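Engineer: After the structure tokens below, expect a handful of questions from me.
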Amino acid sequence: MDKLLIEGGLPLCGETSVSGAKNSALPMLTAALLTTEPVTFSNVPELNDIGTMLRLLAQMGVKVDRQGSTVTLDASGLDQPVAPYEMVKTMRASILVLGPLVARMGDARVSLPGGCAIGARPVDQHIKGLQAMGAQIAVEQGYVHAKCRRLTGARLFTDMVTVTGTENLMMAACLAAGDTVIENAAREPEVVDLANCLVAMGAQISGAGSDVIRIRGVERLHGATHRVMPDRIETGTYLCAAAATGGNIRLTGASVSHLDAVVDKLMDAGCEIVAERDAIRLKAPARLTAVSIRTAPYPAFPTDMQAQFMAIDAVADGTSIIRETIFENRFMHAVELIRLGADIKIDGNTAVVRGVAQLDGATVMATDLRASAGLVIAGLAAQGKTLVDRIYHLDRGYEGLEQKLTALGARVRRVR
Ligand code: UD1
């Protein structure tokens, strides 16, 4: 298993680029299931999760053509509307095929994802919404089996804000008969990016980006081309890495517009941030000031940036309180940060972080994608060598991590 060896203590300085958004590309690739015409996506990041999704789609009969960051999908030969456990267990986002499959094929068998490192993460809201649109759903042998002649538009209300739930239901509603309204919809920018892609494919959608999305079902969708938005979490992660190391960086291909909550906290921590047309600059202070955060659905502070902020708070001046309100078990990086010398106390969904003057390198274990990012940031800020074990988690979500960090002057090396 690959590990990442980091020689910490160097400020990150220089320039690197931001890739396309994983969480935008994943649902968008499944949207290609909704049409018999080819759909082309550009700015698709080269990540393990994207590879898993493409393999899943290919197994269903979708023709996949990948040329670097451009992917063309042709689902005209789709004949196996099944997502097997072996694939779903490695990537929960596989559940995103459920809505498009039942909408286009009237039949879908998708394995239940089961638990994951950051909590139970059920998919009951996806199922409830499809049932309200007329799908007959049975859970058999660990699979969700959904059937329907044609979905019908409905008024849907999700019990909590769910990102992939909103995306699944929005995609399904595109081919349903009549109008669908999704209330309590997720407002994440990735939902908007997906809606824009669906509209380019001929869907009739309004309100994406607000908590009420309206979809007028159409008989069929057609081919389109769409560019995936920049990854706001990758952007935020590099900004935190520069902040934690007293660095000065410029990120190209990045957009500040979806990062308000993160940028605001980095500025509270003492960083100078300048938004350019297609880039972001960050200059860190000599020592960061601790900042408290509370995760919540967009536009509030993203749970996918919580671990990275715990790392910067670990070396900041002062005490911060971090509240995680989205996932029940998302502090696994805390015990690893403590191994690097951080002072963190956990009580339920709250962490109290007392900043220390210095972290010291050690071997740490990555437990999930964003936790791993937090550990890398801490390793970059720590004195001495840090070995991050199980970095396959990072390969799921950070394209060219070592290359990008090296471009910023970090001393990092993959150890096989
Ligand atoms: C998406 C993101 C993930 C991010 C998360 C929250 C993708 C591929 N992944 O995950 O990176 O951390 O949003 O911003 O876009 N819930 C239920 N029942 C459901 C659905 C969700 O109880 O049917 C709960 C979850 O357990 C969680 C909360 O709702 O506590 C939010 O989860 P959700 O927004 O669905 O997360 P994902 O879409 O899986």
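Ordered as shown in the structure tokens, chains take letters A, B, and onward, while each chain numbers its residues from 1 and ligands are numbered from 1 in the order shown.
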Would you list the residues that come within 6 Å of ligand 1? Count only C-alpha atoms and all ligand atoms and give the answer as a ChimeraX atom specification.
Structural biologist: /A:23,93,120-126,160-165,303-304,326-327
Engineer: Keeping only N, CA, C and O atoms, write the selected residues as an mmCIF file, in the first residue's frame.
Structural biologist:
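Produced file again39.cif, reproduced below:
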```cif
data_model
loop_
_atom_site.group_PDB
_atom_site.id
_atom_site.type_symbol
_atom_site.label_atom_id
_atom_site.label_comp_id
_atom_site.auth_asym_id
_atom_site.auth_seq_id
_atom_site.Cartn_x
_atom_site.Cartn_y
_atom_site.Cartn_z
ATOM 1 N N ASN A 23 -16.854 15.951 -7.008
ATOM 2 C CA ASN A 23 -18.254 15.795 -6.630
ATOM 3 C C ASN A 23 -19.221 16.386 -7.645
ATOM 4 O O ASN A 23 -20.431 16.257 -7.508
ATOM 5 N N ALA A 93 -20.781 7.046 -3.958
ATOM 6 C CA ALA A 93 -21.414 7.867 -4.995
ATOM 7 C C ALA A 93 -21.996 7.009 -6.119
ATOM 8 O O ALA A 93 -22.752 7.507 -6.956
ATOM 9 N N ALA A 120 -22.947 6.206 9.248
ATOM 10 C CA ALA A 120 -23.909 5.261 8.674
ATOM 11 C C ALA A 120 -24.288 5.642 7.238
ATOM 12 O O ALA A 120 -24.358 4.796 6.354
ATOM 13 N N ARG A 121 -24.515 6.899 6.987
ATOM 14 C CA ARG A 121 -24.834 7.429 5.660
ATOM 15 C C ARG A 121 -25.879 6.622 4.880
ATOM 16 O O ARG A 121 -25.598 6.051 3.826
ATOM 17 N N PRO A 122 -27.113 6.579 5.388
ATOM 18 C CA PRO A 122 -28.155 5.840 4.667
ATOM 19 C C PRO A 122 -28.577 6.526 3.365
ATOM 20 O O PRO A 122 -28.183 7.667 3.104
ATOM 21 N N VAL A 123 -29.369 5.810 2.554
ATOM 22 C CA VAL A 123 -29.863 6.390 1.289
ATOM 23 C C VAL A 123 -31.395 6.393 1.269
ATOM 24 O O VAL A 123 -32.012 6.368 0.215
ATOM 25 N N ASP A 124 -31.995 6.419 2.465
ATOM 26 C CA ASP A 124 -33.458 6.358 2.559
ATOM 27 C C ASP A 124 -34.145 7.507 1.818
ATOM 28 O O ASP A 124 -35.236 7.330 1.254
ATOM 29 N N GLN A 125 -33.517 8.671 1.778
ATOM 30 C CA GLN A 125 -34.161 9.820 1.127
ATOM 31 C C GLN A 125 -34.195 9.653 -0.395
ATOM 32 O O GLN A 125 -35.138 10.084 -1.051
ATOM 33 N N HIS A 126 -33.171 9.018 -0.945
ATOM 34 C CA HIS A 126 -33.156 8.735 -2.386
ATOM 35 C C HIS A 126 -34.352 7.809 -2.694
ATOM 36 O O HIS A 126 -35.094 8.013 -3.657
ATOM 37 N N MET A 160 -33.683 15.727 5.428
ATOM 38 C CA MET A 160 -32.497 16.543 5.703
ATOM 39 C C MET A 160 -31.934 16.976 4.365
ATOM 40 O O MET A 160 -32.349 16.464 3.330
ATOM 41 N N VAL A 161 -31.007 17.916 4.393
ATOM 42 C CA VAL A 161 -30.415 18.350 3.128
ATOM 43 C C VAL A 161 -29.428 17.270 2.693
ATOM 44 O O VAL A 161 -28.480 16.968 3.420
ATOM 45 N N THR A 162 -29.659 16.673 1.548
ATOM 46 C CA THR A 162 -28.746 15.648 1.054
ATOM 47 C C THR A 162 -28.292 15.991 -0.368
ATOM 48 O O THR A 162 -29.117 16.239 -1.241
ATOM 49 N N VAL A 163 -26.993 15.990 -0.554
ATOM 50 C CA VAL A 163 -26.417 16.429 -1.825
ATOM 51 C C VAL A 163 -26.693 15.388 -2.916
ATOM 52 O O VAL A 163 -27.365 15.664 -3.918
ATOM 53 N N THR A 164 -26.211 14.153 -2.716
ATOM 54 C CA THR A 164 -26.429 13.147 -3.766
ATOM 55 C C THR A 164 -27.911 12.780 -3.859
ATOM 56 O O THR A 164 -28.388 12.416 -4.929
ATOM 57 N N GLY A 165 -28.642 12.886 -2.739
ATOM 58 C CA GLY A 165 -30.087 12.635 -2.785
ATOM 59 C C GLY A 165 -30.764 13.628 -3.720
ATOM 60 O O GLY A 165 -31.557 13.256 -4.601
ATOM 61 N N THR A 303 -18.452 20.419 5.435
ATOM 62 C CA THR A 303 -17.881 19.310 6.224
ATOM 63 C C THR A 303 -16.618 18.766 5.552
ATOM 64 O O THR A 303 -15.710 18.290 6.233
ATOM 65 N N ASP A 304 -16.547 18.870 4.225
ATOM 66 C CA ASP A 304 -15.369 18.347 3.515
ATOM 67 C C ASP A 304 -14.120 19.208 3.738
ATOM 68 O O ASP A 304 -13.041 18.867 3.230
ATOM 69 N N ILE A 326 -22.812 17.428 10.148
ATOM 70 C CA ILE A 326 -23.325 16.638 9.017
ATOM 71 C C ILE A 326 -23.147 15.141 9.247
ATOM 72 O O ILE A 326 -24.067 14.361 9.062
ATOM 73 N N PHE A 327 -21.940 14.749 9.638
ATOM 74 C CA PHE A 327 -21.657 13.317 9.823
ATOM 75 C C PHE A 327 -21.335 13.037 11.286
ATOM 76 O O PHE A 327 -20.690 13.848 11.964
#
```
Engineer: Residues of region 30-139 of chain A that approach region 224-239 of chain A to 12 Å or less, counting only C-alpha atoms: could you list each one with the shortest pair of atoms and its distance in Å to one decimal, rows by chain and increasing residue number, as CSV?
Structural biologist:
```
residue,atom,partner,partner_atom,distance
A:Ala31,CA,A:Ala224,CA,10.9
A:Ala32,CA,A:Ala224,CA,9.3
A:Leu34,CA,A:Ala224,CA,11.7
A:Thr35,CA,A:Ala224,CA,9.9
A:Thr36,CA,A:Ala224,CA,11.3
A:Glu37,CA,A:Ala224,CA,8.3
A:Pro38,CA,A:Ala224,CA,7.2
A:Val39,CA,A:Ala224,CA,5.0
A:Thr40,CA,A:Thr225,CA,4.6
A:Phe41,CA,A:His226,CA,5.0
A:Ser42,CA,A:Arg227,CA,4.6
A:Asn43,CA,A:Val228,CA,5.4
A:Val44,CA,A:Val228,CA,6.3
A:Pro45,CA,A:Val228,CA,8.9
A:Ser69,CA,A:Val228,CA,9.9
A:Thr70,CA,A:Arg227,CA,8.9
A:Val71,CA,A:Thr225,CA,9.8
A:Thr72,CA,A:Thr225,CA,8.7
A:Leu73,CA,A:Ala224,CA,10.4
A:Asp74,CA,A:Ala224,CA,11.1
```
Engineer: Tell me, in Å to one decimal, how far CA of Ala311 (chain A) is from CA of Ala241 (chain A).
Structural biologist: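 Distance reported for this atom pair: 8.9 Å.
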Engineer: Counting only C-alpha atoms, what are the residues of region 83-175 of chain A within 8 Å of region 52-57 of chain A, and for each of them which pair of atoms is the nearest and at what distance in Å, to one decimal? Sort the table by chain and rising number, as a Markdown table.
Structural biologist:
```
| residue | atom | partner | partner_atom | distance |
| --- | --- | --- | --- | --- |
| A:Ala83 | CA | A:Leu56 | CA | 6.8 |
| A:Met87 | CA | A:Leu56 | CA | 7.0 |
| A:Met91 | CA | A:Thr52 | CA | 7.6 |
| A:Ser94 | CA | A:Met53 | CA | 6.8 |
```
Engineer: Env of region 214-222 of chain A: 8 Å cut, atoms = only C-alpha atoms, seq-sep filter 2 positions within chain, self excluded. Answer as number ranges by chain.
Structural biologist: A: 34-38, 153, 170, 173-182, 201-208, 212, 224
Engineer: Considering only C-alpha atoms, can you say which of A:Tyr298, A:Ala373, A:Glu167, A:Asp264 comes closest to Leu405 (chain A)?
Structural biologist: A:Ala373
Engineer: Report the residues of region 287-323 of chain A whose backbone DSSP state falls under alpha helix (DSSP H), written as a list in words.
Structural biologist: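 Restricting region 287-323 of chain A to alpha helix (DSSP H) produces Gln306, Ala307, Gln308, Phe309, Met310, Ala311, Ile312, Asp313 and Ala314 of chain A.
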Engineer: Residues of the last selection are to be written out with all heavy atoms, as a PDB file, in the first residue's frame.
Structural biologist:
```
ATOM      1  N   GLN A 306     -13.531  20.297   7.057  1.00  0.00           N
ATOM      2  CA  GLN A 306     -13.384  20.302   8.523  1.00  0.00           C
ATOM      3  C   GLN A 306     -12.020  19.779   8.971  1.00  0.00           C
ATOM      4  O   GLN A 306     -11.341  20.380   9.816  1.00  0.00           O
ATOM      5  CB  GLN A 306     -14.548  19.501   9.101  1.00  0.00           C
ATOM      6  CG  GLN A 306     -14.598  19.418  10.597  1.00  0.00           C
ATOM      7  CD  GLN A 306     -14.136  18.046  11.041  1.00  0.00           C
ATOM      8  OE1 GLN A 306     -13.021  17.861  11.534  1.00  0.00           O
ATOM      9  NE2 GLN A 306     -15.000  17.056  10.871  1.00  0.00           N
ATOM     10  N   ALA A 307     -11.582  18.665   8.374  1.00  0.00           N
ATOM     11  CA  ALA A 307     -10.301  18.063   8.803  1.00  0.00           C
ATOM     12  C   ALA A 307      -9.136  19.006   8.505  1.00  0.00           C
ATOM     13  O   ALA A 307      -8.190  19.132   9.295  1.00  0.00           O
ATOM     14  CB  ALA A 307     -10.091  16.736   8.089  1.00  0.00           C
ATOM     15  N   GLN A 308      -9.201  19.694   7.360  1.00  0.00           N
ATOM     16  CA  GLN A 308      -8.118  20.603   6.976  1.00  0.00           C
ATOM     17  C   GLN A 308      -8.043  21.769   7.964  1.00  0.00           C
ATOM     18  O   GLN A 308      -6.955  22.238   8.304  1.00  0.00           O
ATOM     19  CB  GLN A 308      -8.357  21.140   5.550  1.00  0.00           C
ATOM     20  CG  GLN A 308      -8.391  20.077   4.449  1.00  0.00           C
ATOM     21  CD  GLN A 308      -9.764  19.481   4.216  1.00  0.00           C
ATOM     22  OE1 GLN A 308     -10.507  19.225   5.154  1.00  0.00           O
ATOM     23  NE2 GLN A 308     -10.119  19.268   2.968  1.00  0.00           N
ATOM     24  N   PHE A 309      -9.202  22.243   8.426  1.00  0.00           N
ATOM     25  CA  PHE A 309      -9.185  23.345   9.398  1.00  0.00           C
ATOM     26  C   PHE A 309      -8.748  22.869  10.776  1.00  0.00           C
ATOM     27  O   PHE A 309      -8.149  23.634  11.536  1.00  0.00           O
ATOM     28  CB  PHE A 309     -10.549  24.068   9.443  1.00  0.00           C
ATOM     29  CG  PHE A 309     -10.576  25.246   8.509  1.00  0.00           C
ATOM     30  CD1 PHE A 309     -10.662  25.051   7.139  1.00  0.00           C
ATOM     31  CD2 PHE A 309     -10.441  26.542   8.982  1.00  0.00           C
ATOM     32  CE1 PHE A 309     -10.638  26.123   6.257  1.00  0.00           C
ATOM     33  CE2 PHE A 309     -10.411  27.628   8.112  1.00  0.00           C
ATOM     34  CZ  PHE A 309     -10.505  27.422   6.743  1.00  0.00           C
ATOM     35  N   MET A 310      -9.025  21.603  11.082  1.00  0.00           N
ATOM     36  CA  MET A 310      -8.525  21.101  12.365  1.00  0.00           C
ATOM     37  C   MET A 310      -6.993  21.113  12.339  1.00  0.00           C
ATOM     38  O   MET A 310      -6.346  21.447  13.341  1.00  0.00           O
ATOM     39  CB  MET A 310      -9.049  19.695  12.646  1.00  0.00           C
ATOM     40  CG  MET A 310      -8.772  19.276  14.073  1.00  0.00           C
ATOM     41  SD  MET A 310      -9.417  17.653  14.467  1.00  0.00           S
ATOM     42  CE  MET A 310     -11.139  17.972  14.697  1.00  0.00           C
ATOM     43  N   ALA A 311      -6.437  20.785  11.173  1.00  0.00           N
ATOM     44  CA  ALA A 311      -4.968  20.798  11.051  1.00  0.00           C
ATOM     45  C   ALA A 311      -4.425  22.216  11.220  1.00  0.00           C
ATOM     46  O   ALA A 311      -3.420  22.425  11.909  1.00  0.00           O
ATOM     47  CB  ALA A 311      -4.552  20.215   9.697  1.00  0.00           C
ATOM     48  N   ILE A 312      -5.076  23.209  10.617  1.00  0.00           N
ATOM     49  CA  ILE A 312      -4.514  24.559  10.764  1.00  0.00           C
ATOM     50  C   ILE A 312      -4.751  25.111  12.171  1.00  0.00           C
ATOM     51  O   ILE A 312      -3.902  25.800  12.725  1.00  0.00           O
ATOM     52  CB  ILE A 312      -4.932  25.551   9.643  1.00  0.00           C
ATOM     53  CG1 ILE A 312      -6.370  25.973   9.719  1.00  0.00           C
ATOM     54  CG2 ILE A 312      -4.611  25.051   8.275  1.00  0.00           C
ATOM     55  CD1 ILE A 312      -6.685  27.091   8.708  1.00  0.00           C
ATOM     56  N   ASP A 313      -5.877  24.741  12.776  1.00  0.00           N
ATOM     57  CA  ASP A 313      -6.110  25.177  14.152  1.00  0.00           C
ATOM     58  C   ASP A 313      -5.100  24.540  15.108  1.00  0.00           C
ATOM     59  O   ASP A 313      -4.769  25.119  16.148  1.00  0.00           O
ATOM     60  CB  ASP A 313      -7.542  24.833  14.592  1.00  0.00           C
ATOM     61  CG  ASP A 313      -8.536  25.911  14.162  1.00  0.00           C
ATOM     62  OD1 ASP A 313      -8.116  27.076  13.986  1.00  0.00           O
ATOM     63  OD2 ASP A 313      -9.731  25.593  14.001  1.00  0.00           O
ATOM     64  N   ALA A 314      -4.625  23.340  14.743  1.00  0.00           N
ATOM     65  CA  ALA A 314      -3.670  22.637  15.612  1.00  0.00           C
ATOM     66  C   ALA A 314      -2.382  23.435  15.792  1.00  0.00           C
ATOM     67  O   ALA A 314      -1.709  23.304  16.811  1.00  0.00           O
ATOM     68  CB  ALA A 314      -3.365  21.260  15.043  1.00  0.00           C
TER      69      ALA A 314
END
```
